[in-house]
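**Student:** Provided below: protein-v8.txt, containing compact mmCIF, C-alpha atoms.
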# COMPACT_ATOMS: atom_id res chain seq x y z
CA MET J 1 21.68 132.37 242.63
CA ARG J 2 19.56 133.68 245.46
CA LEU J 3 21.24 134.10 248.84
CA ASN J 4 19.23 133.97 252.06
CA VAL J 5 20.71 135.95 254.97
CA ARG J 6 18.04 135.07 257.55
CA ASN J 7 20.59 133.26 259.77
CA ILE J 8 22.80 136.33 260.26
CA ILE J 9 20.34 139.22 259.90
CA ASN J 10 19.81 139.51 263.69
CA ALA J 11 23.20 138.18 264.81
CA PRO J 12 25.87 140.91 265.03
CA GLY J 13 29.38 139.61 264.36
CA GLU J 14 28.18 136.67 262.26
CA ARG J 15 29.40 136.00 258.75
CA MET J 16 28.22 133.95 255.77
CA ASP J 17 30.74 132.91 253.08
CA PHE J 18 29.80 131.94 249.53
CA SER J 19 31.43 130.78 246.33
CA PHE J 20 29.95 129.89 242.95
CA GLU J 21 30.64 130.02 239.21
CA MET J 22 28.73 131.95 236.55
CA ASP J 23 28.56 131.24 232.84
CA LEU J 24 28.75 134.54 230.91
CA SER J 25 29.74 133.03 227.56
CA ASP J 26 26.55 134.49 226.04
CA VAL J 27 27.62 138.10 226.73
CA GLU J 28 28.65 139.95 223.55
CA PHE J 29 31.11 142.87 223.42
CA GLY J 30 31.82 144.46 220.05
CA GLY J 31 30.76 141.41 218.08
CA ARG J 32 32.90 139.05 220.18
CA TYR J 33 32.24 136.78 223.14
CA PRO J 34 35.30 137.35 225.38
CA ILE J 35 34.07 135.52 228.51
CA GLN J 36 34.62 131.91 227.51
CA LYS J 37 35.76 130.62 230.91
CA PRO J 38 33.54 130.50 234.02
CA VAL J 39 33.49 133.59 236.23
CA VAL J 40 34.37 132.54 239.79
CA VAL J 41 32.54 134.58 242.44
CA THR J 42 33.72 134.44 246.06
CA GLY J 43 32.81 136.62 248.99
CA ASP J 44 30.89 137.02 252.21
CA VAL J 45 28.06 138.80 253.98
CA ARG J 46 28.93 140.19 257.42
CA ASN J 47 26.67 141.53 260.12
CA THR J 48 28.63 144.47 261.48
CA ALA J 49 26.86 146.31 264.30
CA GLY J 50 23.47 145.32 262.91
CA MET J 51 24.35 146.34 259.34
CA LEU J 52 24.76 143.70 256.63
CA LEU J 53 27.79 144.25 254.39
CA LEU J 54 28.23 142.25 251.18
CA HIS J 55 31.66 141.96 249.62
CA PHE J 56 32.57 139.79 246.63
CA GLN J 57 35.12 139.33 243.86
CA ALA J 58 34.35 137.98 240.42
CA SER J 59 37.34 136.68 238.42
CA THR J 60 38.00 135.03 235.08
CA VAL J 61 40.35 135.08 232.10
CA LEU J 62 39.07 136.98 229.05
CA SER J 63 39.80 136.01 225.44
CA SER J 64 40.53 139.41 223.93
CA VAL J 65 41.68 140.96 220.67
CA CYS J 66 43.89 144.04 220.73
CA ASP J 67 42.07 147.08 219.35
CA ARG J 68 45.31 148.40 217.79
CA CYS J 69 47.15 145.40 216.31
CA MET J 70 44.32 142.80 216.19
CA LYS J 71 46.45 140.20 218.03
CA ALA J 72 44.50 137.68 220.15
CA PHE J 73 45.53 137.41 223.80
CA ASP J 74 44.19 136.29 227.16
CA THR J 75 43.93 138.70 230.07
CA PRO J 76 42.82 138.15 233.67
CA LYS J 77 39.85 140.20 234.86
CA THR J 78 38.81 140.68 238.49
CA VAL J 79 35.97 142.86 239.74
CA SER J 80 35.58 143.71 243.44
CA CYS J 81 32.27 145.00 244.81
CA GLN J 82 30.89 146.04 248.16
CA TYR J 83 27.24 146.74 249.00
CA MET J 84 25.03 147.24 252.03
CA LEU J 85 21.96 145.04 252.40
CA ALA J 86 18.76 146.55 253.82
CA GLU J 87 15.18 145.45 254.44
CA GLU J 88 13.93 148.89 253.43
CA VAL J 89 15.57 151.65 251.44
CA GLN J 90 15.18 155.28 252.40
CA ASP J 91 17.45 156.70 249.69
CA GLU J 92 16.25 155.42 246.29
CA GLU J 93 19.21 157.05 244.52
CA ASN J 94 21.92 155.07 246.34
CA ASP J 95 23.05 152.15 244.15
CA ASP J 96 25.25 150.74 246.92
CA ILE J 97 22.24 149.57 248.95
CA ILE J 98 20.57 146.31 247.92
CA LEU J 99 16.99 145.74 249.02
CA LEU J 100 16.25 142.37 250.61
CA GLU J 101 13.03 140.53 249.74
CA ASN J 102 12.01 138.02 252.43
CA ASP J 103 15.58 138.09 253.83
CA GLU J 104 17.16 137.19 250.48
CA PHE J 105 18.48 138.77 247.27
CA ASP J 106 19.65 137.64 243.84
CA LEU J 107 23.44 137.46 244.19
CA GLY J 108 23.90 135.90 240.75
CA ASP J 109 22.17 138.79 239.00
CA LEU J 110 24.07 141.33 241.10
CA ALA J 111 27.45 139.73 240.31
CA ARG J 112 26.59 139.39 236.60
CA THR J 113 25.60 143.07 236.32
CA ALA J 114 28.65 144.28 238.27
CA PHE J 115 31.03 142.20 236.12
CA ILE J 116 29.51 143.35 232.82
CA LEU J 117 29.55 147.01 233.87
CA GLU J 118 33.27 146.75 234.70
CA MET J 119 34.23 145.35 231.28
CA ASP J 120 36.77 147.48 229.43
CA THR J 121 35.55 149.24 226.29
CA LYS J 122 39.04 149.18 224.79
CA THR J 123 41.44 146.25 225.04
CA LEU J 124 45.15 146.49 224.33
CA CYS J 125 47.75 143.72 224.30
CA SER J 126 50.14 146.21 225.96
CA GLU J 127 50.02 149.90 226.84
CA ASP J 128 52.74 150.68 224.29
CA CYS J 129 51.17 148.74 221.39
CA LYS J 130 51.96 150.55 218.13
CA GLY J 131 49.12 149.00 216.14
CA LEU J 132 48.95 148.42 212.39
CA CYS J 133 50.21 150.62 209.57
CA PRO J 134 47.21 152.42 208.07
CA LYS J 135 48.64 152.00 204.54
CA CYS J 136 49.97 148.47 204.29
CA GLY J 137 48.56 146.84 207.44
CA ALA J 138 51.94 145.68 208.80
CA ASP J 139 52.22 145.11 212.55
CA LEU J 140 54.31 148.05 213.76
CA ASN J 141 55.21 146.15 216.93
CA GLN J 142 57.39 143.88 214.74
CA GLY J 143 59.27 146.85 213.27
CA SER J 144 58.89 149.63 210.76
CA CYS J 145 56.99 148.79 207.57
CA GLY J 146 58.87 151.14 205.19
CA CYS J 147 55.87 153.17 204.08
CA LYS J 148 56.56 156.85 203.55
CA PRO J 149 54.54 159.14 205.81
CA ASP J 150 51.83 161.18 204.12
CA ALA J 151 52.73 164.80 203.56
CA ASP J 152 50.52 167.40 205.16
CA PRO J 153 48.09 168.48 202.37
CA ARG J 154 48.64 172.10 203.37
CA LEU J 155 52.31 171.70 202.46
CA ALA J 156 51.79 169.76 199.23
CA VAL J 157 52.84 172.72 197.06
CA LEU J 158 56.14 172.98 198.95
CA ALA J 159 56.72 169.23 198.55
CA LYS J 160 56.37 169.61 194.77
CA LEU J 161 58.98 172.37 194.80
CA LEU J 162 61.39 170.09 196.67
CA GLU J 163 60.83 167.31 194.11
CA LYS J 164 61.67 169.71 191.24
CA ASP J 165 64.97 170.59 192.92
CA LYS J 166 66.05 166.93 192.90
Starting from the coordinates I provided, produce the structure as structure tokens.
**Tutor:**
Amino acid sequence: MRLNVRNIINAPGERMDFSFEMDLSDVEFGGRYPIQKPVVVTGDVRNTAGMLLLHFQASTVLSSVCDRCMKAFDTPKTVSCQYMLAEEVQDEENDDIILLENDEFDLGDLARTAFILEMDTKTLCSEDCKGLCPKCGADLNQGSCGCKPDADPRLAVLAKLLEKDK
């Protein structure tokens, strides 16, 4: 979605609101496609003292799988971004300045990139998720599985001595 700011570019104090939906169901993360619902983008462009400020939020509900216990769950995701819009850029290194082309820019591409870059690399159903037992695969959130813990291989000789005493 391209947004044209020609109407407010020379009008200090003016504002332009926008709202649209993006389909990111084709975006893959770790072999999964977690963005099954539309991403709703809302925001505005404001002319503040001759400077154009872009602010937007992109929100959706992600279909995730816990990296520890493999349980499927839904989690809300919201990304907030703020940029300056300029007709010419003097600092090429500043990623917070978006260059306008004929008084417009690609808001859809900007929102898509910002949302993807803010995706979590690790998803957990809860911060205190205990995960799965590495031996039997039981969900440790449901309770203990009964597996005996592995002895430290450096102490294996001592463990054999304790078994002989029994």
**Student:** Identify which of the residues J:Glu118, J:Asp23, J:Asp139, J:Asp96 lies closest to Arg68 in chain J, counting only C-alpha atoms when measuring atom-to-atom distances.
**Tutor:** J:Asp139
**Student:** If we count only C-alpha atoms, what is near Cys133 in chain J at a cut-off of 10 Å, once residues fewer than 2 positions away on the same chain are taken out, given as a list of chain:residue names?
**Tutor:** J:Arg68, J:Cys69, J:Lys130, J:Gly131, J:Lys135, J:Cys136, J:Gly137, J:Ala138, J:Asp139, J:Leu140, J:Asn141, J:Ser144, J:Cys145, J:Gly146, J:Cys147
**Student:** One decimal, Å: what's the distance from CA of Ile98 in chain J over to CA of Asp26 in chain J, could you say?
**Tutor:** 25.6 Å
**Student:** Of the candidates J:Asp44, J:Thr113, J:Pro34, J:Asp95, which shows the shortest atom-to-atom distance to Pro76 in chain J, using all atoms listed in the file?
**Tutor:**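 Of J:Asp44, J:Thr113, J:Pro34, J:Asp95, the one nearest Pro76 in chain J is J:Pro34, counting all atoms listed in the file.
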**Student:** Which polymer residues have any atom within 12 Å of an atom of range 5-16 of chain J, counting all atoms listed in the file, with same-chain residues fewer than 6 positions away left out, as a PyMOL selection string?
**Tutor:** chain J and resi 42-56+85-87+100-107
**Student:** I'd like the contact shell of Glu28 in chain J - 12 Å cut-off, all atoms listed in the file, skipping same-chain residues fewer than 5 positions apart - returned as a list in words.
**Tutor:**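 In the requested format, the answer is Tyr33, Pro34, Ile35, Gln36, Ser63, Ser64, Ile116, Met119 and Thr121 of chain J.
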**Student:** Quick one: distance from CA of Glu127 in chain J to CA of Met22 in chain J in Å, one decimal?
**Tutor:**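 These atoms are spaced 29.5 Å apart.
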**Student:** Name the closest residue to Ala111 in chain J among the candidates J:Tyr83, J:Cys129, J:Phe29, J:Gln142; distances are taken between atoms, counting only C-alpha atoms.
**Tutor:** J:Tyr83
**Student:** Do you have the CA of Asp17 in chain J-CA of Glu88 in chain J distance handy?
**Tutor:** 23.2 Å
